[in-house]
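A.B. asks: Coordinates in target32.cif, mmCIF, C-alpha atoms, are listed below.
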data_work
loop_
_atom_site.label_atom_id
_atom_site.label_comp_id
_atom_site.auth_asym_id
_atom_site.auth_seq_id
_atom_site.Cartn_x
_atom_site.Cartn_y
_atom_site.Cartn_z
CA MET A 824 37.38 91.81 95.96
CA GLN A 825 34.32 93.86 96.68
CA ARG A 826 31.30 93.51 98.91
CA ASP A 827 28.39 91.78 97.15
CA VAL A 828 25.29 93.89 97.74
CA SER A 829 23.02 92.20 95.19
CA SER A 830 20.84 90.57 97.85
CA CYS A 831 22.02 92.22 101.06
CA ASN A 832 20.23 94.26 103.68
CA THR A 833 21.41 96.21 106.70
CA TYR A 834 21.88 93.17 108.97
CA ASN A 835 25.42 92.10 109.83
CA TYR A 836 25.29 88.47 108.78
CA GLY A 837 28.90 87.89 109.81
CA ASP A 838 28.20 88.75 113.46
CA ALA A 839 27.52 85.98 115.99
CA LEU A 840 25.37 88.33 118.08
CA TYR A 841 22.97 88.83 115.17
CA TRP A 842 22.52 85.09 114.70
CA ASP A 843 22.22 84.35 118.42
CA ALA A 844 19.43 86.90 118.70
CA ARG A 845 17.71 85.53 115.62
CA TYR A 846 17.71 81.94 116.88
CA VAL A 847 16.49 83.00 120.32
CA GLN A 848 13.59 84.80 118.65
CA ASP A 849 12.77 82.08 116.14
CA ALA A 850 13.77 78.52 116.99
CA LEU A 851 11.79 76.87 114.18
CA SER A 852 13.82 74.94 111.63
CA PHE A 853 14.62 76.95 108.52
CA ASP A 854 16.40 76.10 105.27
CA TRP A 855 17.97 78.84 103.18
CA TYR A 856 17.36 78.83 99.43
CA GLN A 857 16.52 75.16 98.79
CA ARG A 858 15.45 72.11 100.76
CA TYR A 859 17.28 68.82 100.52
CA SER A 860 14.55 67.31 98.33
CA SER A 861 15.44 69.81 95.58
CA LEU A 862 19.19 69.46 96.05
CA ARG A 863 19.18 65.67 96.39
CA PRO A 864 19.96 64.92 92.70
CA PHE A 865 23.11 67.05 92.97
CA VAL A 866 24.15 65.74 96.38
CA ARG A 867 23.74 62.11 95.33
CA SER A 868 25.65 62.78 92.11
CA PHE A 869 28.66 64.50 93.69
CA VAL A 870 28.77 63.35 97.34
CA PRO A 871 29.15 59.61 98.08
CA THR A 872 27.21 58.50 101.15
CA SER A 873 30.47 57.35 102.75
CA SER A 874 31.94 60.88 102.58
CA ARG A 875 32.99 62.75 105.67
CA VAL A 876 30.96 65.94 105.20
CA LEU A 877 31.41 69.39 106.73
CA MET A 878 28.25 71.54 106.72
CA VAL A 879 29.34 75.17 107.16
CA GLY A 880 26.85 77.64 108.60
CA CYS A 881 24.38 74.88 109.45
CA GLY A 882 22.04 77.04 111.54
CA ASN A 883 18.91 75.08 112.43
CA SER A 884 18.50 73.63 108.94
CA LEU A 885 17.00 70.19 108.37
CA MET A 886 19.38 69.41 105.51
CA SER A 887 21.86 67.34 107.52
CA GLU A 888 19.03 65.35 109.11
CA ASP A 889 17.57 64.69 105.67
CA MET A 890 20.97 63.58 104.36
CA VAL A 891 21.31 61.09 107.21
CA LYS A 892 17.86 59.72 106.40
CA ASP A 893 19.15 59.34 102.83
CA GLY A 894 22.10 57.23 103.91
CA TYR A 895 24.88 59.70 104.78
CA GLU A 896 26.93 58.52 107.74
CA ASP A 897 29.24 61.30 108.97
CA ILE A 898 28.27 64.98 108.94
CA MET A 899 30.06 67.60 111.03
CA ASN A 900 27.98 70.78 111.35
CA VAL A 901 29.46 74.14 112.36
CA ASP A 902 27.90 77.54 112.92
CA ILE A 903 28.99 80.84 114.44
CA SER A 904 25.90 80.92 116.70
CA SER A 905 26.27 79.13 120.03
CA VAL A 906 22.48 79.33 120.42
CA ALA A 907 21.89 77.39 117.21
CA ILE A 908 24.57 74.82 118.02
CA GLU A 909 23.26 74.14 121.54
CA MET A 910 19.77 73.77 120.12
CA MET A 911 20.93 71.28 117.47
CA GLN A 912 23.16 69.33 119.87
CA THR A 913 20.13 68.76 122.08
CA LYS A 914 17.84 67.89 119.18
CA TYR A 915 20.24 65.34 117.65
CA ALA A 916 21.87 63.95 120.79
CA SER A 917 20.77 60.45 119.79
CA ALA A 918 22.00 60.73 116.17
CA PRO A 919 25.66 59.61 116.06
CA GLN A 920 25.93 60.53 112.38
CA LEU A 921 25.46 64.22 113.23
CA LYS A 922 27.92 66.30 115.21
CA TYR A 923 27.64 70.02 116.00
CA MET A 924 30.30 72.55 116.98
CA GLN A 925 30.26 76.32 117.44
CA MET A 926 32.84 77.72 115.06
CA ASP A 927 33.60 80.71 112.84
CA VAL A 928 34.11 79.49 109.27
CA ARG A 929 36.87 82.07 108.85
CA ASP A 930 38.96 80.14 111.38
CA MET A 931 38.44 76.38 111.46
CA SER A 932 41.93 75.60 112.75
CA TYR A 933 40.38 73.04 115.11
CA PHE A 934 40.34 70.68 112.11
CA ALA A 935 43.51 69.30 110.53
CA ASP A 936 44.31 69.80 106.86
CA GLU A 937 42.40 67.57 104.43
CA SER A 938 39.92 66.42 107.08
CA PHE A 939 36.83 66.25 104.87
CA ASP A 940 35.74 64.74 101.58
CA THR A 941 33.04 67.37 101.03
CA VAL A 942 32.21 70.82 102.34
CA ILE A 943 28.61 71.95 101.80
CA ASP A 944 27.74 75.65 101.92
CA LYS A 945 24.15 76.77 101.56
CA GLY A 946 24.25 80.55 101.92
CA THR A 947 27.19 80.95 104.30
CA LEU A 948 29.59 82.54 101.82
CA ASP A 949 26.69 84.77 100.77
CA SER A 950 26.20 85.96 104.34
CA LEU A 951 29.86 86.90 104.63
CA MET A 952 29.72 88.66 101.27
CA CYS A 953 27.06 90.95 102.72
CA GLY A 954 29.30 92.12 105.55
CA ASN A 955 31.37 95.27 105.60
CA ASP A 956 34.52 93.16 105.87
CA ALA A 957 33.64 90.97 102.86
CA PRO A 958 37.01 91.56 101.12
CA LEU A 959 38.69 89.91 104.12
CA SER A 960 36.03 87.43 105.23
CA ALA A 961 35.38 85.71 101.90
CA PRO A 962 39.00 84.71 101.15
CA ARG A 963 39.55 83.68 104.76
CA MET A 964 36.58 81.33 104.63
CA LEU A 965 37.42 79.94 101.19
CA GLY A 966 41.03 79.44 102.19
CA GLU A 967 39.88 77.38 105.16
CA VAL A 968 37.48 75.39 102.99
CA SER A 969 40.26 74.64 100.51
CA ARG A 970 42.61 73.60 103.32
CA LEU A 971 40.08 71.19 104.81
CA ILE A 972 39.09 69.40 101.59
CA LYS A 973 41.02 66.28 100.63
CA PRO A 974 42.49 66.08 97.10
CA GLY A 975 39.65 64.84 94.91
CA GLY A 976 37.11 66.26 97.38
CA THR A 977 34.40 68.80 96.70
CA TYR A 978 33.25 72.23 97.84
CA PHE A 979 29.49 72.22 97.15
CA LEU A 980 28.32 75.85 97.08
CA ILE A 981 24.66 76.89 96.79
CA THR A 982 24.34 80.66 96.33
CA TYR A 983 22.35 83.50 94.79
CA GLY A 984 25.60 84.78 93.27
CA ASP A 985 25.99 84.41 89.51
CA PRO A 986 29.45 83.78 87.98
CA LYS A 987 30.16 87.49 87.61
CA VAL A 988 30.23 87.92 91.40
CA ARG A 989 31.30 84.44 92.53
CA MET A 990 33.89 83.16 90.04
CA PRO A 991 36.48 85.85 90.93
CA HIS A 992 36.45 84.44 94.46
CA LEU A 993 36.41 80.77 93.49
CA THR A 994 39.08 80.75 90.79
CA ARG A 995 42.10 81.74 92.88
CA SER A 996 44.97 79.47 91.85
CA ALA A 997 45.73 78.59 95.48
CA TYR A 998 42.49 76.61 95.71
CA ASN A 999 43.24 74.43 92.67
CA TRP A 1000 39.55 73.79 92.00
CA LYS A 1001 37.93 72.44 88.87
CA ILE A 1002 34.56 74.22 88.81
CA SER A 1003 31.28 73.16 87.25
CA LEU A 1004 28.17 75.36 87.32
CA TYR A 1005 24.55 74.29 87.64
CA ILE A 1006 21.43 76.42 87.93
CA ILE A 1007 18.24 75.58 89.80
CA PRO A 1008 15.05 77.69 89.96
CA ARG A 1009 13.85 79.00 93.29
CA PRO A 1010 11.33 76.79 95.14
CA GLY A 1011 7.86 77.04 93.68
CA PHE A 1012 8.94 78.33 90.28
CA LYS A 1013 6.88 76.66 87.56
CA ARG A 1014 7.62 76.65 83.85
CA PRO A 1015 7.47 73.86 81.26
CA GLY A 1016 10.89 72.31 80.82
CA SER A 1017 12.32 73.77 84.03
CA CYS A 1018 14.16 71.70 86.64
CA SER A 1019 10.91 71.17 88.52
CA SER A 1020 9.79 68.92 85.69
CA SER A 1021 13.15 67.61 84.42
CA ALA A 1022 15.89 66.54 86.81
CA LYS A 1023 18.04 65.54 83.81
CA THR A 1024 18.03 69.10 82.46
CA CYS A 1025 18.80 70.43 85.92
CA LEU A 1026 21.87 68.19 86.18
CA GLU A 1027 23.43 69.43 82.95
CA ALA A 1028 26.43 71.66 83.63
CA ILE A 1029 26.20 75.19 82.23
CA PRO A 1030 29.03 75.94 79.76
CA MET A 1031 30.91 79.11 80.62
CA THR A 1032 33.11 81.43 78.61
CA SER A 1033 36.91 81.34 78.76
CA GLU A 1034 36.66 84.00 81.48
CA GLY A 1035 34.39 81.77 83.57
CA MET A 1036 31.24 83.79 82.88
CA LEU A 1037 27.81 82.89 81.52
CA PRO A 1038 27.51 83.31 77.75
CA HIS A 1039 26.30 86.83 76.93
CA ASP A 1040 23.13 85.45 75.34
CA TYR A 1041 22.30 83.06 78.19
CA VAL A 1042 18.83 83.72 79.62
CA LEU A 1043 17.77 82.48 83.03
CA GLU A 1044 14.35 80.86 83.03
CA ASP A 1045 13.91 82.11 86.57
CA PRO A 1046 15.63 85.46 87.22
CA ASP A 1047 15.82 84.52 90.91
CA SER A 1048 17.51 81.18 90.28
CA HIS A 1049 20.09 79.74 92.62
CA PHE A 1050 23.54 78.79 91.39
CA ILE A 1051 25.34 75.60 92.37
CA TYR A 1052 29.12 75.57 92.04
CA ILE A 1053 30.75 72.15 92.27
CA CYS A 1054 34.38 72.87 93.07
CA ASN A 1055 36.49 69.73 92.87
CA LYS A 1056 39.94 69.93 94.45
CA LYS A 1057 42.52 68.71 91.96
CA ASP A 1058 45.62 66.75 92.94
CA GLU A 1059 48.76 68.87 92.97
CA GLU A 1060 50.37 66.87 90.18
CA VAL A 1061 47.40 67.28 87.84
CA ALA A 1062 48.26 69.54 84.93
CA GLN A 1063 46.72 73.00 85.11
CA LEU A 1064 43.86 72.97 82.62
CA PRO A 1065 40.86 75.35 82.37
CA SER A 1066 38.89 74.84 85.59
CA TYR A 1067 35.41 75.16 84.12
CA PRO A 1068 33.63 73.74 81.04
CA LEU A 1069 34.03 76.05 78.07
CA MET A 1070 31.49 76.89 75.42
CA GLY A 1071 31.61 74.20 72.76
CA ASP A 1072 33.14 71.56 75.06
CA VAL A 1073 31.51 68.16 75.08
CA LEU A 1074 30.21 67.44 78.59
CA TYR A 1075 29.90 63.93 79.93
#
If you convert what's in this file into structure tokens, what do you get?
C.D. replies:
Amino acid sequence: MQRDVSSCNTYNYGDALYWDARYVQDALSFDWYQRYSSLRPFVRSFVPTSSRVLMVGCGNSLMSEDMVKDGYEDIMNVDISSVAIEMMQTKYASAPQLKYMQMDVRDMSYFADESFDTVIDKGTLDSLMCGNDAPLSAPRMLGEVSRLIKPGGTYFLITYGDPKVRMPHLTRSAYNWKISLYIIPRPGFKRPGSCSSSAKTCLEAIPMTSEGMLPHDYVLEDPDSHFIYICNKKDEEVAQLPSYPLMGDVLY
């Protein structure tokens, strides 16, 4: 597994000191990639409001707050930055639905196996993929995510990484995930027929090849689109079938 440099810079996004310094310098709320309003159709489709949710790499995002306003009842938020966590603990001290803990997603041994119905990741795997130790960090994080999800639960990944760079990490047999792919344009992108004007189109899974890749003739409406991988943890006794919709499959 190689380091993903497609959207990286020279910052060490896997280093707590980098994030502590960033949050000291800029304490304003910030959401990576997409706001909850854009992701809401997906969240409501795949995450019941009664779910126990783990938000990995929460930073000072408003997404968990917005989910609580939308009816979600139990969201545990973790981040490697103690500065961000202390800030959010103070901000949401009166919100019992939101809990915050400082934690490295590569070691979440504080939590027991199968503790969560859903794990939501909006850019955290991407940040680790930019680090020099990506070949070690990515599988450590994903192994922890897989361990923490209950059978039938979901890893909800929002990323800039297309299937060529993300599916090799997500399709390890140890995770036992059934994976569906969705694509959403970046905020502000406007084009007739895009997700900004048709939530139904946005919610249609993208068929992939037998290798788990986009069809060779597939063209992104927005070249800077974000990819949403819905990774559903199968029960151990479920027969091993292809873990992603294939070209020509009927999708329901």
A.B. asks: Could you state which residues are captured by the PyMOL selection byres ((chain A and resi 903-920) around 9) in this file, as an MDAnalysis selection string?
C.D. replies: chainID A and resid 837:844 846:847 850 880:883 888 891 895:902 921:928
A.B. asks: Write out as a list in words the residues lying within 8 Å of Lys973 (chain A), counting only C-alpha atoms and excluding same-chain residues fewer than 4 positions away.
C.D. replies: Asp936, Glu937, Ser938, Phe939, Asp940 and Lys1056 of chain A
A.B. asks: When distances are computed from all atoms listed in the file, which of A:Asp1047, A:Gly1011, A:Tyr859, A:Ile1053 shows the smallest separation from Ala1028 (chain A)?
C.D. replies: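 Ranked by minimum distance to Ala1028 (chain A), first place goes to A:Ile1053.
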A.B. asks: How far is it from CA of Met964 (chain A) to CA of Leu951 (chain A), in Å with one decimal?
C.D. replies: 8.7 Å
A.B. asks: Which protein, DNA or RNA residues have an atom at most 10 Å from (26.8, 78.5, 89.6), counting all atoms listed in the file? List them as a PyMOL selection string.
C.D. replies: chain A and resi 980-987+989-990+1002-1007+1028-1029+1031+1036-1037+1048-1053
A.B. asks: Tell me which of A:Ile943, A:Asn999, A:Arg963, A:Asp1058 sits closest to Phe865 (chain A), counting only C-alpha atoms.
C.D. replies: A:Ile943
A.B. asks: I would like the residues chosen by the PyMOL selection byres ((chain A and resi 873) around 9) on the shown file; could you give them as a PyMOL selection string?
C.D. replies: chain A and resi 870-872+874-876+894-897
A.B. asks: With only C-alpha atoms as the basis for distance, which of A:Gly946, A:Pro1010, A:Pro991, A:Pro1038 is at the shortest distance from Ser861 (chain A)?
C.D. replies: A:Pro1010
A.B. asks: So the first atom is CA of Asn1055 (chain A) and the second is CA of Thr977 (chain A); what is the distance between them in Å, to one decimal place?
C.D. replies: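 Taking CA of Asn1055 (chain A) and CA of Thr977 (chain A), their separation equals 4.5 Å.
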A.B. asks: For Met886 (chain A), which residue out of A:Arg867, A:Phe979, A:Phe853, A:Asp1045 is the nearest one, using only C-alpha atoms?
C.D. replies: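 Closest to Met886 (chain A) of all the choices is A:Phe853.
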A.B. asks: Name the residues in contact with region 958-960 of chain A at a cut-off of 12 Å, using all atoms listed in the file, excluding same-chain residues fewer than 2 positions from it; report them as a list in words.
C.D. replies: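 Final neighbour list, sorted by chain and number: Met824, Gln825, Arg826, Asp827, Tyr836, Gly837, Asp838, Asp927, Val928, Arg929, Asp930, Thr947, Leu948, Asp949, Ser950, Leu951, Met952, Cys953, Gly954, Asn955, Asp956, Pro962, Arg963, Met964, Leu965, Gly966, Glu967, Pro991 and His992 of chain A.
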A.B. asks: Using all atoms listed in the file, find the one residue out of A:Val866, A:Leu885, A:Cys1054, A:Cys1025 that sits nearest to Tyr978 (chain A).
C.D. replies: A:Cys1054
A.B. asks: Could you check how far CA of Leu971 (chain A) sits from CA of Ala935 (chain A), in Å to one decimal?
C.D. replies: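 About the pair CA of Leu971 (chain A) and CA of Ala935 (chain A): they are 6.9 Å apart.
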